[in-house]
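Taking it in order: structure first as structure tokens, then the write-up.
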Amino acid sequence: NESIRTILSGKNVIISAPTGSGKTEAFVIPIIQKILKNYSKGVFALLTYPLRALADDQASKINDLIEKCGLQDHISIFTIHGGTSDQEYRKKIIEKSKDKCVLLATNFDFINWHLTIQDKIWKQLFKDVKIIVMDEAHSYSSFHGSNVYQTIKRMKKYMRRDIQFIGSSATLDNAKEFFSEMFDLPIDSIEYIKSLHSKKRDMHRLFIMPRKFGQRTTMEKLAAVCFRNRKTQLVFSNTHNDTEFLATNVEDDNKNVKIEVHRGGLKSSIRKEHETMMKFGELDILSCTPTLELGIDIGHVDVAISAFKNEYDSFIQRIGRAGRKGQKSYAICVFDPEDASCHYYSRNIDKYIGQKHDIEISKDNKIISERHAKAEQIEEKAAQTSEKKQFWEDASSINLRGTSGEVIISQNNKQLGTRDVPVGYYQLHQKSIYHYNKRVYEVDSIIKTKNGARAFVNPSNEKYKRTQPMVLQKLTNEEEINRKIILWKTNGQVNDDDIFSVRYGMIEIDRTVIGYYKGDFNKPIETFEAFKGEDDPSWKNFNWKSRHMAVGIELPGSFISNQSQHDGNNQNKMDPSIHTVIHVLVNAAKIITKAESMDIEAYNEGGMIYLYDNTAEGVNGCSKMIYDNFEEVLEICRDLLTKCDCDKPNDADWGGCPKCTYITGFCETKNKQLS
């Protein structure tokens, strides 16, 4: 009721309510009421969602509400996004908007593309809307949130001044501040409405630290137990590969089990098919990535099994799919016994459960700002001509998801799937193994394009194999933005060698894939065979450059007095103690930033350790958080090392400890040669 009254008054509103408590109705009902009070033809509201599938799902739900109210002759809702490529369908929306009032379910990626080329869809459907709704607002974090902020800023230059903004979030502790920053609104112009009620669920939450098996194997065994007990399941992995590997193993080990895969990079038609199968009870298990974290209706689920995520809110989003019909349900978080952050949180479970979910919008990130300044220049040119095709490629290059392009995967000249850059460069190098919807392929070749690359694959019979690239890295440029001095205390004293600097800025890295490792995906990487490109006459190195926001840590003199010169190209030449310091810093940084294993990478050269944002265009906000909270990072480092019960021998060839010095991202020495 409060939401309805406030939205009807015309105020900007952010609604916070638990999953399944009626957030959609809280903003749709007053929007419909506003339409009926001042009926006009055209697009009345944009309902924006972070995922295409969620837009489709929610549009169907809203359409049911419109029909139950008997308003279908006056109001229509359509979905329009990159997945709705039918030109006739888009023409139909434009024509309908001339005859009746229309609601559009879309995403900011699609809006940004048409804003950039200034075409009919932007001018006739988007430009004159009266309300913009941002649903699942908590998902606009990191580089995605910063890109969306810049897009909204560009949109507002063309739109009506009295536009009303509505937000909806399940879990956001700084909702009002976030909304103010995202839309550049005075904070006192926003009403914050928080629901104190939610559906009661008979849910049992379990946190498991495996002792005998690894994380994925434990998840597979749990899935098998639940299958034997006839429990419908969602099993969330953190990577595309783990999603595929888990589905393959569970299918092989459990007779008659019905399991499918749902992840990014699969064709939308395949994902939709698997969603429908799950919704109608045709699957026992859906092996998925975060593509199903948000509120897509996939029907009855008894059990949600999730690989550990550093951000507790992601776990809450995942388990929100289970027990919606009031049945007894189970939410299981499986820790990784070879991840230091898992051991840290297993010792401090209250800290994990008590995490605050605050999102900050980085408005002045140089890389993102440059990208949108370029988009504004394209807009100005596009507005002057009716020939829009010349701007398509440039518009496609301005990606809001933190990727500077994608690798298009083709078999027999037909597109099979896609993989975002830079992950696609690492995983789709020549002769790599690629798993797609429980099928296996080998990459024959990969060719760079302006906005990514094209990888050409052939079927492979190496069902249980995976590959890992050998990559040479070289720092080619550094641009400093800020710097501060740190005092390192040894036994309570500060020596001259213990005064060092930490700086924040931008680095450029040149990378070359020079070979790969191959082995059984159920075995540790130490068992993999090495294949060097220099030994294969048909091998072609794959090279690319990228820029990254980074924090540079100048090692105190006491750390590097015995370090041999490191050339930046061969991690095996690194001093074992420096190698260990890097690992522990990465692990501590993951905890502070709530990042996952590949979000933060490290580079070491000449007494400097660089921790950088490891996404395309090098922007995810982690390095800025590390810089701003560096003293806290050091305290977490101390905690990881001093509270670990491992045996730490004074041996340069020591294999390291899974509880404190392993890293879950790829290490060239495979977590060996640590001090």
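A note on labels: chains of the structure tokens are A, B, ... as shown, every chain counts residues from 1, and ligands are counted from 1 in their shown order.
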
Env of segment 631-640 of chain A: 7 Å cut, atoms = only C-alpha atoms, seq-sep filter 6 positions within chain, self excluded. Answer as a PDB file with N, CA and C atoms, in the first residue's frame.
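The result, written out as out.pdb:
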```pdb
ATOM      1  N   TYR A 344      38.957 -18.861   5.857  1.00  0.00           N
ATOM      2  CA  TYR A 344      38.791 -17.651   6.676  1.00  0.00           C
ATOM      3  C   TYR A 344      37.344 -17.541   7.138  1.00  0.00           C
ATOM      4  N   VAL A 584      49.104 -14.555  -0.840  1.00  0.00           N
ATOM      5  CA  VAL A 584      48.368 -14.171   0.364  1.00  0.00           C
ATOM      6  C   VAL A 584      47.664 -12.829   0.155  1.00  0.00           C
ATOM      7  N   LEU A 585      48.318 -11.898  -0.538  1.00  0.00           N
ATOM      8  CA  LEU A 585      47.678 -10.621  -0.856  1.00  0.00           C
ATOM      9  C   LEU A 585      46.432 -10.822  -1.726  1.00  0.00           C
ATOM     10  N   ALA A 588      43.650 -12.279   0.495  1.00  0.00           N
ATOM     11  CA  ALA A 588      43.095 -11.266   1.397  1.00  0.00           C
ATOM     12  C   ALA A 588      42.257 -10.261   0.616  1.00  0.00           C
ATOM     13  N   ALA A 589      42.731  -9.879  -0.573  1.00  0.00           N
ATOM     14  CA  ALA A 589      42.002  -8.920  -1.404  1.00  0.00           C
ATOM     15  C   ALA A 589      40.647  -9.477  -1.829  1.00  0.00           C
ATOM     16  N   ILE A 592      38.263  -8.929   1.099  1.00  0.00           N
ATOM     17  CA  ILE A 592      37.877  -7.527   1.281  1.00  0.00           C
ATOM     18  C   ILE A 592      36.898  -7.075   0.200  1.00  0.00           C
ATOM     19  N   CYS A 660      45.860 -21.329   3.350  1.00  0.00           N
ATOM     20  CA  CYS A 660      46.314 -19.941   3.456  1.00  0.00           C
ATOM     21  C   CYS A 660      47.099 -19.434   2.248  1.00  0.00           C
TER      22      CYS A 660
END
```

List the neighbours of Ser189 of chain A out to 12 Å using only C-alpha atoms; skip same-chain residues closer than 4 positions along the sequence, and give me the result as a PDB file with all heavy atoms, in the first residue's frame.
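Full text of selection_26.pdb as output:
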```pdb
ATOM      1  N   THR A   6       2.916   6.055  -2.807  1.00  0.00           N
ATOM      2  CA  THR A   6       4.089   6.882  -3.096  1.00  0.00           C
ATOM      3  C   THR A   6       4.328   7.005  -4.595  1.00  0.00           C
ATOM      4  O   THR A   6       4.633   8.094  -5.101  1.00  0.00           O
ATOM      5  CB  THR A   6       5.331   6.293  -2.411  1.00  0.00           C
ATOM      6  OG1 THR A   6       5.062   6.091  -1.031  1.00  0.00           O
ATOM      7  CG2 THR A   6       6.517   7.234  -2.542  1.00  0.00           C
ATOM      8  N   GLY A  10       3.947  10.464  -7.608  1.00  0.00           N
ATOM      9  CA  GLY A  10       4.943  10.921  -8.574  1.00  0.00           C
ATOM     10  C   GLY A  10       6.361  10.961  -8.044  1.00  0.00           C
ATOM     11  O   GLY A  10       7.284  11.370  -8.757  1.00  0.00           O
ATOM     12  N   LYS A  11       6.570  10.524  -6.802  1.00  0.00           N
ATOM     13  CA  LYS A  11       7.907  10.566  -6.210  1.00  0.00           C
ATOM     14  C   LYS A  11       8.782   9.434  -6.744  1.00  0.00           C
ATOM     15  O   LYS A  11       8.290   8.385  -7.162  1.00  0.00           O
ATOM     16  CB  LYS A  11       7.813  10.468  -4.686  1.00  0.00           C
ATOM     17  CG  LYS A  11       7.173  11.680  -4.036  1.00  0.00           C
ATOM     18  CD  LYS A  11       7.123  11.518  -2.519  1.00  0.00           C
ATOM     19  CE  LYS A  11       6.497  12.734  -1.854  1.00  0.00           C
ATOM     20  NZ  LYS A  11       6.383  12.565  -0.392  1.00  0.00           N
ATOM     21  N   ASN A  12      10.092   9.652  -6.708  1.00  0.00           N
ATOM     22  CA  ASN A  12      11.039   8.576  -7.016  1.00  0.00           C
ATOM     23  C   ASN A  12      11.066   7.617  -5.836  1.00  0.00           C
ATOM     24  O   ASN A  12      11.082   8.042  -4.670  1.00  0.00           O
ATOM     25  CB  ASN A  12      12.433   9.151  -7.252  1.00  0.00           C
ATOM     26  CG  ASN A  12      12.452  10.155  -8.384  1.00  0.00           C
ATOM     27  OD1 ASN A  12      11.960   9.879  -9.470  1.00  0.00           O
ATOM     28  ND2 ASN A  12      13.007  11.340  -8.130  1.00  0.00           N
ATOM     29  N   VAL A  13      11.095   6.318  -6.134  1.00  0.00           N
ATOM     30  CA  VAL A  13      10.927   5.310  -5.086  1.00  0.00           C
ATOM     31  C   VAL A  13      11.929   4.178  -5.272  1.00  0.00           C
ATOM     32  O   VAL A  13      12.169   3.727  -6.396  1.00  0.00           O
ATOM     33  CB  VAL A  13       9.500   4.712  -5.122  1.00  0.00           C
ATOM     34  CG1 VAL A  13       9.334   3.658  -4.033  1.00  0.00           C
ATOM     35  CG2 VAL A  13       8.450   5.796  -4.966  1.00  0.00           C
ATOM     36  N   ILE A  14      12.507   3.697  -4.171  1.00  0.00           N
ATOM     37  CA  ILE A  14      13.265   2.442  -4.178  1.00  0.00           C
ATOM     38  C   ILE A  14      12.587   1.504  -3.186  1.00  0.00           C
ATOM     39  O   ILE A  14      12.404   1.847  -2.013  1.00  0.00           O
ATOM     40  CB  ILE A  14      14.760   2.654  -3.841  1.00  0.00           C
ATOM     41  CG1 ILE A  14      15.502   1.317  -3.769  1.00  0.00           C
ATOM     42  CG2 ILE A  14      14.962   3.461  -2.577  1.00  0.00           C
ATOM     43  CD1 ILE A  14      15.754   0.660  -5.071  1.00  0.00           C
ATOM     44  N   GLN A 164       9.937   9.797 -13.873  1.00  0.00           N
ATOM     45  CA  GLN A 164       9.895   9.206 -12.533  1.00  0.00           C
ATOM     46  C   GLN A 164      10.738   7.933 -12.524  1.00  0.00           C
ATOM     47  O   GLN A 164      10.651   7.115 -13.432  1.00  0.00           O
ATOM     48  CB  GLN A 164       8.454   8.884 -12.136  1.00  0.00           C
ATOM     49  CG  GLN A 164       8.299   8.334 -10.717  1.00  0.00           C
ATOM     50  CD  GLN A 164       6.842   8.032 -10.371  1.00  0.00           C
ATOM     51  OE1 GLN A 164       5.975   8.001 -11.242  1.00  0.00           O
ATOM     52  NE2 GLN A 164       6.570   7.818  -9.095  1.00  0.00           N
ATOM     53  N   PHE A 165      11.559   7.768 -11.470  1.00  0.00           N
ATOM     54  CA  PHE A 165      12.428   6.598 -11.359  1.00  0.00           C
ATOM     55  C   PHE A 165      11.951   5.707 -10.209  1.00  0.00           C
ATOM     56  O   PHE A 165      11.700   6.188  -9.103  1.00  0.00           O
ATOM     57  CB  PHE A 165      13.874   7.026 -11.123  1.00  0.00           C
ATOM     58  CG  PHE A 165      14.458   7.828 -12.248  1.00  0.00           C
ATOM     59  CD1 PHE A 165      14.536   9.212 -12.176  1.00  0.00           C
ATOM     60  CD2 PHE A 165      14.919   7.204 -13.402  1.00  0.00           C
ATOM     61  CE1 PHE A 165      15.066   9.959 -13.212  1.00  0.00           C
ATOM     62  CE2 PHE A 165      15.448   7.938 -14.444  1.00  0.00           C
ATOM     63  CZ  PHE A 165      15.520   9.318 -14.354  1.00  0.00           C
ATOM     64  N   ILE A 166      11.854   4.413 -10.510  1.00  0.00           N
ATOM     65  CA  ILE A 166      11.424   3.432  -9.512  1.00  0.00           C
ATOM     66  C   ILE A 166      12.446   2.308  -9.486  1.00  0.00           C
ATOM     67  O   ILE A 166      12.868   1.818 -10.541  1.00  0.00           O
ATOM     68  CB  ILE A 166      10.029   2.857  -9.852  1.00  0.00           C
ATOM     69  CG1 ILE A 166       8.988   3.984  -9.913  1.00  0.00           C
ATOM     70  CG2 ILE A 166       9.612   1.795  -8.838  1.00  0.00           C
ATOM     71  CD1 ILE A 166       7.648   3.540 -10.476  1.00  0.00           C
ATOM     72  N   LYS A 176      18.850   3.502  -0.650  1.00  0.00           N
ATOM     73  CA  LYS A 176      18.542   4.900  -0.963  1.00  0.00           C
ATOM     74  C   LYS A 176      19.766   5.621  -1.515  1.00  0.00           C
ATOM     75  O   LYS A 176      19.684   6.353  -2.512  1.00  0.00           O
ATOM     76  CB  LYS A 176      18.031   5.606   0.295  1.00  0.00           C
ATOM     77  CG  LYS A 176      17.385   6.951   0.031  1.00  0.00           C
ATOM     78  CD  LYS A 176      16.685   7.478   1.272  1.00  0.00           C
ATOM     79  CE  LYS A 176      16.018   8.814   0.998  1.00  0.00           C
ATOM     80  NZ  LYS A 176      15.299   9.325   2.194  1.00  0.00           N
ATOM     81  N   GLU A 177      20.929   5.395  -0.905  1.00  0.00           N
ATOM     82  CA  GLU A 177      22.169   6.033  -1.362  1.00  0.00           C
ATOM     83  C   GLU A 177      22.536   5.533  -2.756  1.00  0.00           C
ATOM     84  O   GLU A 177      22.953   6.309  -3.633  1.00  0.00           O
ATOM     85  CB  GLU A 177      23.304   5.759  -0.380  1.00  0.00           C
ATOM     86  CG  GLU A 177      23.124   6.400   0.990  1.00  0.00           C
ATOM     87  CD  GLU A 177      22.178   5.635   1.901  1.00  0.00           C
ATOM     88  OE1 GLU A 177      21.697   4.535   1.499  1.00  0.00           O
ATOM     89  OE2 GLU A 177      21.915   6.129   3.009  1.00  0.00           O
ATOM     90  N   PHE A 179      20.512   4.371  -5.085  1.00  0.00           N
ATOM     91  CA  PHE A 179      19.575   4.886  -6.073  1.00  0.00           C
ATOM     92  C   PHE A 179      19.863   6.350  -6.385  1.00  0.00           C
ATOM     93  O   PHE A 179      19.781   6.785  -7.543  1.00  0.00           O
ATOM     94  CB  PHE A 179      18.150   4.717  -5.545  1.00  0.00           C
ATOM     95  CG  PHE A 179      17.128   4.559  -6.627  1.00  0.00           C
ATOM     96  CD1 PHE A 179      17.202   3.507  -7.526  1.00  0.00           C
ATOM     97  CD2 PHE A 179      16.073   5.448  -6.752  1.00  0.00           C
ATOM     98  CE1 PHE A 179      16.261   3.340  -8.526  1.00  0.00           C
ATOM     99  CE2 PHE A 179      15.116   5.296  -7.745  1.00  0.00           C
ATOM    100  CZ  PHE A 179      15.212   4.246  -8.635  1.00  0.00           C
ATOM    101  N   SER A 180      20.217   7.102  -5.353  1.00  0.00           N
ATOM    102  CA  SER A 180      20.578   8.508  -5.540  1.00  0.00           C
ATOM    103  C   SER A 180      21.784   8.637  -6.460  1.00  0.00           C
ATOM    104  O   SER A 180      21.804   9.476  -7.371  1.00  0.00           O
ATOM    105  CB  SER A 180      20.874   9.154  -4.184  1.00  0.00           C
ATOM    106  OG  SER A 180      21.434  10.432  -4.339  1.00  0.00           O
ATOM    107  N   PHE A 183      21.046   7.400 -10.363  1.00  0.00           N
ATOM    108  CA  PHE A 183      20.237   8.269 -11.218  1.00  0.00           C
ATOM    109  C   PHE A 183      20.566   9.753 -11.037  1.00  0.00           C
ATOM    110  O   PHE A 183      19.862  10.607 -11.571  1.00  0.00           O
ATOM    111  CB  PHE A 183      18.754   8.018 -10.957  1.00  0.00           C
ATOM    112  CG  PHE A 183      18.286   6.672 -11.439  1.00  0.00           C
ATOM    113  CD1 PHE A 183      18.165   5.605 -10.564  1.00  0.00           C
ATOM    114  CD2 PHE A 183      18.007   6.457 -12.781  1.00  0.00           C
ATOM    115  CE1 PHE A 183      17.751   4.356 -11.013  1.00  0.00           C
ATOM    116  CE2 PHE A 183      17.597   5.214 -13.236  1.00  0.00           C
ATOM    117  CZ  PHE A 183      17.473   4.156 -12.348  1.00  0.00           C
ATOM    118  N   ASP A 184      21.641  10.059 -10.274  1.00  0.00           N
ATOM    119  CA  ASP A 184      22.022  11.456 -10.017  1.00  0.00           C
ATOM    120  C   ASP A 184      20.835  12.256  -9.479  1.00  0.00           C
ATOM    121  O   ASP A 184      20.487  13.330  -9.991  1.00  0.00           O
ATOM    122  CB  ASP A 184      22.572  12.116 -11.288  1.00  0.00           C
ATOM    123  CG  ASP A 184      24.072  11.868 -11.438  1.00  0.00           C
ATOM    124  OD1 ASP A 184      24.741  11.634 -10.415  1.00  0.00           O
ATOM    125  OD2 ASP A 184      24.567  11.899 -12.570  1.00  0.00           O
ATOM    126  N   LEU A 185      20.204  11.719  -8.446  1.00  0.00           N
ATOM    127  CA  LEU A 185      19.042  12.358  -7.832  1.00  0.00           C
ATOM    128  C   LEU A 185      19.393  12.841  -6.434  1.00  0.00           C
ATOM    129  O   LEU A 185      20.138  12.163  -5.708  1.00  0.00           O
ATOM    130  CB  LEU A 185      17.877  11.366  -7.734  1.00  0.00           C
ATOM    131  CG  LEU A 185      17.335  10.786  -9.042  1.00  0.00           C
ATOM    132  CD1 LEU A 185      16.373   9.653  -8.743  1.00  0.00           C
ATOM    133  CD2 LEU A 185      16.655  11.867  -9.870  1.00  0.00           C
TER     134      LEU A 185
END
```

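Nearest to His274 of chain A of all the residues A:Glu293, A:Leu234, A:Ile77, A:Val551 is A:Leu234, counting only C-alpha atoms.
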
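Counting only C-alpha atoms, the residue from A:Thr116, A:Asn629, A:Thr661, A:Ser287 that sits nearest to Gln390 of chain A is A:Thr116.
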
Item to check | Top pick for closest residue to Leu292 of chain A, considering A:Lys61, A:Lys590, A:Arg454, A:Arg263 and counting only C-alpha atoms | outcome: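 Among the listed residues, A:Arg263 lies closest to Leu292 of chain A.
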
Checklist entry - Can you list, as a list in words, every residue of segment 70-195 of chain A that DSSP puts in strand (DSSP E or B)? => result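 Of segment 70-195 of chain A, only Ile75, Ser76, Ile77, Phe78, Thr79, Cys101, Val102, Leu103, Leu104, Ala105, Thr106, Ile131, Ile132, Val133, Met134, Gln164, Phe165, Ile166, Gly167, Ser168, Ser169, Ile190, Glu191, Tyr192, Ile193 and Lys194 of chain A fall in strand (DSSP E or B).
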
Next on the checklist: What's around Asp302 of chain A at 9 Å? Count only C-alpha atoms, leave out sequence neighbours fewer than 4 positions away in its own chain, and write the answer as a PyMOL selection string.
Outcome noted: chain A and resi 231-234+321-324+327-331

Write the residues of the preceding selection, restricted to N, CA and C atoms, as a short mmCIF file (atom, residue, chain, number, x, y, z; two decimals), in the first residue's frame.
```cif
data_model
loop_
_atom_site.label_atom_id
_atom_site.label_comp_id
_atom_site.auth_asym_id
_atom_site.auth_seq_id
_atom_site.Cartn_x
_atom_site.Cartn_y
_atom_site.Cartn_z
N LYS A 231 14.57 -35.42 -4.91
CA LYS A 231 14.52 -33.98 -4.69
C LYS A 231 14.90 -33.24 -5.97
N THR A 232 14.09 -32.30 -6.38
CA THR A 232 14.40 -31.48 -7.54
C THR A 232 15.44 -30.43 -7.14
N GLN A 233 16.47 -30.25 -8.00
CA GLN A 233 17.62 -29.45 -7.57
C GLN A 233 18.07 -28.42 -8.60
N LEU A 234 18.59 -27.30 -8.06
CA LEU A 234 19.45 -26.40 -8.81
C LEU A 234 20.83 -26.52 -8.20
N ARG A 321 15.51 -19.55 -5.03
CA ARG A 321 14.73 -20.34 -5.98
C ARG A 321 14.07 -21.55 -5.31
N ALA A 322 14.56 -21.97 -4.13
CA ALA A 322 14.08 -23.21 -3.50
C ALA A 322 12.97 -22.94 -2.49
N GLY A 323 12.06 -23.89 -2.35
CA GLY A 323 11.05 -23.85 -1.31
C GLY A 323 9.99 -22.80 -1.49
N ARG A 324 9.75 -22.35 -2.70
CA ARG A 324 8.79 -21.26 -2.91
C ARG A 324 7.34 -21.70 -2.69
N GLN A 327 7.15 -26.06 0.68
CA GLN A 327 7.62 -27.38 1.04
C GLN A 327 8.96 -27.29 1.79
N LYS A 328 9.29 -28.33 2.51
CA LYS A 328 10.60 -28.37 3.17
C LYS A 328 11.68 -28.32 2.10
N SER A 329 12.64 -27.42 2.28
CA SER A 329 13.69 -27.26 1.28
C SER A 329 15.05 -27.15 1.95
N TYR A 330 16.09 -27.31 1.13
CA TYR A 330 17.45 -27.31 1.66
C TYR A 330 18.33 -26.39 0.82
N ALA A 331 19.12 -25.59 1.52
CA ALA A 331 20.08 -24.69 0.87
C ALA A 331 21.46 -25.07 1.37
#
```

Item to check | Counting only C-alpha atoms, the option among A:Glu526, A:Glu406, A:Asp64, A:Glu273 closest to Val423 of chain A | outcome: A:Glu406

Checklist entry - So which residues touch segment 504-519 of chain A within 6 Å, counting only C-alpha atoms, skipping near sequence neighbours fewer than 4 positions away, as number ranges by chain? => result A: 465-482, 528-533, 541-551

Item to check | Within 12 Å of Gln415 of chain A using only C-alpha atoms, minus same-chain residues under 2 positions, as a ChimeraX atom specification | outcome: /A:265-267,407-413,417-419,454-457

Restrict the calculation to only C-alpha atoms, then for each residue of segment 347-412 of chain A with any atom at most 6 Å from an atom of segment 142-148 of chain A give the closest atom pair and their distance in Å to one decimal, rows by chain and rising residue number, as CSV.
```
residue,atom,partner,partner_atom,distance
A:Ile361,CA,A:Ser146,CA,5.6
A:Ser362,CA,A:Ser146,CA,5.5
A:Leu400,CA,A:Asn147,CA,5.3
A:Arg401,CA,A:His144,CA,5.1
A:Gly402,CA,A:Phe143,CA,5.8
```

Item to check | Option closest in space to Phe236 of chain A, from A:Ile193, A:Val303, A:Ala53, A:Met203 [counting only C-alpha atoms] | outcome: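 Among A:Ile193, A:Val303, A:Ala53, A:Met203, it is A:Val303 that comes nearest to Phe236 of chain A.
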